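The structure appears right after this line, and notes come after that.
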Amino acid sequence: MKKTWFVLFCFTFLGSGMKAQTYTTKKVKSEKEKTISFPDRWSIRTNAIDWIATVPNIAVEFDISDSVYNRWSLGAGFKFNYIPCSTNFSSRFTYKLGEARLEARRYFRSYQMFPYRSKKSKKGNKGWWRAYYVGPYVGYSRYAVQFSEPSYQGTAISIGITGGYNIPLYETRHGGSVDLDLGLSVGALYLDQQKNKNGMNVIESRVLPYPMLTDLRIGFVYRWRSVRKKYVVLNEEKILERHTERLLKEKQRLEKKYQDSLRLDSVQRVKQEIRIKKQKK
């Protein structure tokens, strides 16, 4: 009998120890997930369209915060096949470009746009694995272009908006991933160029009166942490706080509307009484 009680005591003790260990492991894991490691905040990308146009290019991107709630990143990109000394427009086709670009991106998921208004959740949304982004950019470029006459050579400054989305393609066993980047950039363009037609050079400096497509991307991104696992966690406290503020403002608006209606009713009632008294006289 004593042996039986001893065996039961051992099983109970071991079970409680395993539960405590599991709880501790989950707690440590949740604590680790509040931040992202420094390497996981980096990514390197390249644009396949520029490579097809014989323009080597590379860009780097870095998340501005290590918090899992962070949505913003900063990036810098470079394109270069422009060599001024070799630009003589001897051939009918010339496309040479050197560009440096800075941009900021804010990532979001479709189900995160209106978390308290939309009925769609992560599981109910078919495109939950897409990471959309939008943000400003600024770029400086030197170019020499000739498809037929005339030819153009000069510099350009562009400021505008970039947007698109990332799709996870392949994940390695070590956590790295290759993602697909689809997007474009549209903005205002300032040109300072030399136009050559029939041996005559014309210098032009102007701002184009319409927005221009300055970049078209079908790119590949290498991340040390897949985009499928980034920009996912919502800051529930901040969302609840904003939602509460909206409800309070709506309540104040309705109360003010109700008070205004009461005031208007009282004014109309007084006018009606005055009108009745005048009619009696």
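So you can find residues: chains in the structure tokens are A, B, ... in the order shown, residues in each start at 1, and ligands are numbered from 1 in order.
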task: Name the residues in contact with region 190-200 of chain A at a cut-off of 6 Å, using only C-alpha atoms, excluding same-chain residues fewer than 4 positions from it; report them as number ranges by chain.
output: A: 150-157, 204-207
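Around Tyr107 (chain A), within 12 Å and counting only C-alpha atoms, the residues found are Asp63, Tyr69, Asn70, Arg71, Trp72, Ser73, Leu74, Gln112, Met113, Arg130, Ala131, Tyr132, Tyr133, Val134, Gly135, Thr162, Gly163, Gly164, Tyr165, Asn166, Val227, Arg228, Lys230, Tyr231, Val232 and Val233 of chain A, once anything fewer than 4 positions away on its own chain is removed.
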- request: Can you pull out every residue within 12 Å of Tyr210 (chain A), counting only C-alpha atoms, but drop anything in the same chain fewer than 5 positions away, and send it as a ChimeraX atom specification?
  value: /A:160,186-190
What does the file look like for those residues with C-alpha atoms, as a PDB file, in the first residue's frame?
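As written to disk, selection18.pdb reads:
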```pdb
ATOM      1  CA  GLY A 160       6.951  60.341 -55.087  1.00  0.00           C
ATOM      2  CA  VAL A 186       5.142  57.028 -59.282  1.00  0.00           C
ATOM      3  CA  GLY A 187       6.278  60.585 -58.679  1.00  0.00           C
ATOM      4  CA  ALA A 188       7.179  64.062 -59.838  1.00  0.00           C
ATOM      5  CA  LEU A 189      10.244  64.311 -62.070  1.00  0.00           C
ATOM      6  CA  TYR A 190      12.711  67.167 -62.558  1.00  0.00           C
TER       7      TYR A 190
END
```
- request: Measure the distance from CA of Arg275 (chain A) to CA of Gln259 (chain A) in Å and round it to one decimal.
  value: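 Interatomic distance, CA of Arg275 (chain A) to CA of Gln259 (chain A): 24.3 Å.
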- prompt: In Å to one decimal, how far is CA of Arg263 (chain A) from CA of Lys278 (chain A)?
  reply: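 CA of Arg263 (chain A) lies 22.9 Å from CA of Lys278 (chain A).
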Mind checking which residues fall within 12 Å of Ser177 (chain A), counting only C-alpha atoms, ignoring those fewer than 3 positions away in the same chain, and posting them as an mmCIF file with N, CA and C atoms, in the first residue's frame?
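Final output, selection22.cif:
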```
data_model
loop_
_atom_site.group_PDB
_atom_site.id
_atom_site.type_symbol
_atom_site.label_atom_id
_atom_site.label_comp_id
_atom_site.auth_asym_id
_atom_site.auth_seq_id
_atom_site.Cartn_x
_atom_site.Cartn_y
_atom_site.Cartn_z
ATOM 1 N N ASP A 40 17.616 39.574 -38.451
ATOM 2 C CA ASP A 40 16.290 39.363 -39.039
ATOM 3 C C ASP A 40 15.648 40.656 -39.517
ATOM 4 N N TRP A 42 17.156 42.782 -41.494
ATOM 5 C CA TRP A 42 17.769 43.153 -42.768
ATOM 6 C C TRP A 42 17.169 42.355 -43.919
ATOM 7 N N SER A 43 17.232 42.938 -45.105
ATOM 8 C CA SER A 43 16.870 42.219 -46.330
ATOM 9 C C SER A 43 17.646 42.817 -47.497
ATOM 10 N N ILE A 44 17.889 41.987 -48.504
ATOM 11 C CA ILE A 44 18.590 42.395 -49.727
ATOM 12 C C ILE A 44 17.705 42.021 -50.907
ATOM 13 N N ARG A 45 17.551 42.941 -51.845
ATOM 14 C CA ARG A 45 16.678 42.648 -52.982
ATOM 15 C C ARG A 45 17.301 43.149 -54.281
ATOM 16 N N ASN A 166 4.716 41.923 -51.073
ATOM 17 C CA ASN A 166 5.677 40.824 -51.052
ATOM 18 C C ASN A 166 4.944 39.503 -50.851
ATOM 19 N N ILE A 167 5.457 38.464 -51.517
ATOM 20 C CA ILE A 167 4.901 37.116 -51.400
ATOM 21 C C ILE A 167 6.028 36.166 -51.014
ATOM 22 N N PRO A 168 5.868 35.354 -49.971
ATOM 23 C CA PRO A 168 6.911 34.379 -49.633
ATOM 24 C C PRO A 168 6.998 33.277 -50.685
ATOM 25 N N LEU A 169 8.224 32.965 -51.112
ATOM 26 C CA LEU A 169 8.434 31.934 -52.127
ATOM 27 C C LEU A 169 9.058 30.669 -51.551
ATOM 28 N N TYR A 170 10.179 30.843 -50.835
ATOM 29 C CA TYR A 170 10.925 29.672 -50.371
ATOM 30 C C TYR A 170 11.602 30.000 -49.050
ATOM 31 N N GLU A 171 11.518 29.080 -48.105
ATOM 32 C CA GLU A 171 12.165 29.235 -46.807
ATOM 33 C C GLU A 171 13.208 28.144 -46.611
ATOM 34 N N THR A 172 14.358 28.538 -46.101
ATOM 35 C CA THR A 172 15.421 27.581 -45.824
ATOM 36 C C THR A 172 15.236 26.972 -44.440
ATOM 37 N N ARG A 173 16.006 25.941 -44.157
ATOM 38 C CA ARG A 173 15.912 25.290 -42.852
ATOM 39 C C ARG A 173 16.424 26.179 -41.732
ATOM 40 N N HIS A 174 17.283 27.138 -42.076
ATOM 41 C CA HIS A 174 17.870 28.012 -41.061
ATOM 42 C C HIS A 174 17.037 29.270 -40.818
ATOM 43 N N LEU A 180 9.096 37.263 -53.175
ATOM 44 C CA LEU A 180 8.840 37.966 -54.431
ATOM 45 C C LEU A 180 8.311 39.358 -54.131
ATOM 46 N N PHE A 220 13.315 40.032 -56.419
ATOM 47 C CA PHE A 220 13.521 38.920 -55.499
ATOM 48 C C PHE A 220 14.238 39.452 -54.265
ATOM 49 N N VAL A 221 13.721 39.072 -53.103
ATOM 50 C CA VAL A 221 14.215 39.585 -51.828
ATOM 51 C C VAL A 221 14.728 38.417 -50.992
ATOM 52 N N TYR A 222 15.937 38.573 -50.471
ATOM 53 C CA TYR A 222 16.426 37.589 -49.501
ATOM 54 C C TYR A 222 16.312 38.192 -48.111
ATOM 55 N N ARG A 223 15.620 37.494 -47.230
ATOM 56 C CA ARG A 223 15.460 37.919 -45.844
ATOM 57 C C ARG A 223 15.995 36.841 -44.915
ATOM 58 N N TRP A 224 16.541 37.282 -43.796
ATOM 59 C CA TRP A 224 16.965 36.338 -42.771
ATOM 60 C C TRP A 224 15.770 35.843 -41.960
ATOM 61 N N ARG A 225 14.639 36.496 -42.152
ATOM 62 C CA ARG A 225 13.367 36.040 -41.578
ATOM 63 C C ARG A 225 12.280 36.310 -42.599
ATOM 64 N N SER A 226 11.513 35.287 -42.938
ATOM 65 C CA SER A 226 10.545 35.392 -44.031
ATOM 66 C C SER A 226 9.514 36.474 -43.765
ATOM 67 N N VAL A 227 9.053 37.097 -44.839
ATOM 68 C CA VAL A 227 8.012 38.113 -44.708
ATOM 69 C C VAL A 227 6.711 37.488 -44.203
ATOM 70 N N ARG A 228 6.581 36.196 -44.329
ATOM 71 C CA ARG A 228 5.397 35.510 -43.800
ATOM 72 C C ARG A 228 5.329 35.605 -42.281
ATOM 73 N N LYS A 229 6.498 35.750 -41.639
ATOM 74 C CA LYS A 229 6.560 35.802 -40.184
ATOM 75 C C LYS A 229 6.765 37.218 -39.653
ATOM 76 N N LYS A 230 6.857 38.189 -40.558
ATOM 77 C CA LYS A 230 7.067 39.571 -40.135
ATOM 78 C C LYS A 230 5.820 40.405 -40.409
#
```
- request: Give me every strand (DSSP E) residue in region 145-191 of chain A, going by DSSP on the backbone, as a ChimeraX atom specification.
  value: /A:145-146,151-171,177-191
I need the chosen residues saved as a PDB file, in the first residue's frame, with C-alpha atoms.
```pdb
ATOM      1  CA  VAL A 145      19.024  57.214 -73.601  1.00  0.00           C
ATOM      2  CA  GLN A 146      18.571  56.772 -77.329  1.00  0.00           C
ATOM      3  CA  SER A 151      19.028  61.188 -77.872  1.00  0.00           C
ATOM      4  CA  TYR A 152      18.856  62.400 -74.267  1.00  0.00           C
ATOM      5  CA  GLN A 153      21.586  62.745 -71.683  1.00  0.00           C
ATOM      6  CA  GLY A 154      21.405  64.412 -68.277  1.00  0.00           C
ATOM      7  CA  THR A 155      20.292  64.126 -64.664  1.00  0.00           C
ATOM      8  CA  ALA A 156      16.925  63.678 -62.975  1.00  0.00           C
ATOM      9  CA  ILE A 157      15.493  64.081 -59.479  1.00  0.00           C
ATOM     10  CA  SER A 158      12.322  62.244 -58.549  1.00  0.00           C
ATOM     11  CA  ILE A 159      10.069  62.417 -55.467  1.00  0.00           C
ATOM     12  CA  GLY A 160       6.951  60.341 -55.087  1.00  0.00           C
ATOM     13  CA  ILE A 161       5.204  57.279 -53.691  1.00  0.00           C
ATOM     14  CA  THR A 162       6.154  53.627 -53.935  1.00  0.00           C
ATOM     15  CA  GLY A 163       3.817  50.701 -53.334  1.00  0.00           C
ATOM     16  CA  GLY A 164       3.354  46.995 -53.876  1.00  0.00           C
ATOM     17  CA  TYR A 165       3.390  43.727 -51.977  1.00  0.00           C
ATOM     18  CA  ASN A 166       5.677  40.824 -51.052  1.00  0.00           C
ATOM     19  CA  ILE A 167       4.901  37.116 -51.400  1.00  0.00           C
ATOM     20  CA  PRO A 168       6.911  34.379 -49.633  1.00  0.00           C
ATOM     21  CA  LEU A 169       8.434  31.934 -52.127  1.00  0.00           C
ATOM     22  CA  TYR A 170      10.925  29.672 -50.371  1.00  0.00           C
ATOM     23  CA  GLU A 171      12.165  29.235 -46.807  1.00  0.00           C
ATOM     24  CA  SER A 177      13.740  33.046 -47.171  1.00  0.00           C
ATOM     25  CA  VAL A 178      13.421  34.243 -50.746  1.00  0.00           C
ATOM     26  CA  ASP A 179      10.380  36.473 -51.310  1.00  0.00           C
ATOM     27  CA  LEU A 180       8.840  37.966 -54.431  1.00  0.00           C
ATOM     28  CA  ASP A 181       8.505  41.766 -54.590  1.00  0.00           C
ATOM     29  CA  LEU A 182       5.894  43.194 -56.974  1.00  0.00           C
ATOM     30  CA  GLY A 183       5.429  46.949 -57.082  1.00  0.00           C
ATOM     31  CA  LEU A 184       5.929  50.292 -58.760  1.00  0.00           C
ATOM     32  CA  SER A 185       6.880  53.896 -58.018  1.00  0.00           C
ATOM     33  CA  VAL A 186       5.142  57.028 -59.282  1.00  0.00           C
ATOM     34  CA  GLY A 187       6.278  60.585 -58.679  1.00  0.00           C
ATOM     35  CA  ALA A 188       7.179  64.062 -59.838  1.00  0.00           C
ATOM     36  CA  LEU A 189      10.244  64.311 -62.070  1.00  0.00           C
ATOM     37  CA  TYR A 190      12.711  67.167 -62.558  1.00  0.00           C
ATOM     38  CA  LEU A 191      14.916  66.880 -65.660  1.00  0.00           C
TER      39      LEU A 191
END
```
message: With distances taken over only C-alpha atoms, which residue among A:Thr214, A:Gln279, A:Ser261, A:Asn201 lies nearest Gly139 (chain A)?
response: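 The answer is A:Thr214, which sits nearest to Gly139 (chain A).
Compared by their closest atoms to Ala100 (chain A), and using only C-alpha atoms, the residues A:Asn57, A:Asn47, A:Ser141, A:Ser37 rank with A:Ser141 nearest.
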message: Please identify the helix (DSSP H, G or I) residues within region 214-261 of chain A (assignment by DSSP from backbone atoms) and present them as a PyMOL selection string.
response: chain A and resi 227-229+236-261
query: Counting only C-alpha atoms, which of A:Leu213, A:Ile276, A:Ile64, A:Val270 gets nearest to Arg106 (chain A)?
result: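 Using only C-alpha atoms, Arg106 (chain A) sits closest to A:Ile64.
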message: One number please: CA of Val138 (chain A) to CA of Arg101 (chain A), in Å, one decimal.
response: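 Value for the CA of Val138 (chain A)-CA of Arg101 (chain A) distance: 5.8 Å.
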- prompt: Taking only C-alpha atoms into account, which of A:Leu248, A:Val60, A:Leu216, A:Val55 comes nearest Leu97 (chain A)?
  reply: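 Smallest distance to Leu97 (chain A) is found for A:Val55.
Of the listed residues (A:Arg109, A:Arg142, A:Lys79, A:Arg92), A:Arg109 comes nearest to Trp129 (chain A); the distances count only C-alpha atoms.
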query: Taking into account only C-alpha atoms, which residue in the set A:Asp260, A:Gly176, A:Pro211, A:Tyr143 is nearest to Arg41 (chain A)?
result: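 Checking each candidate against Arg41 (chain A), we get A:Gly176 as the closest.
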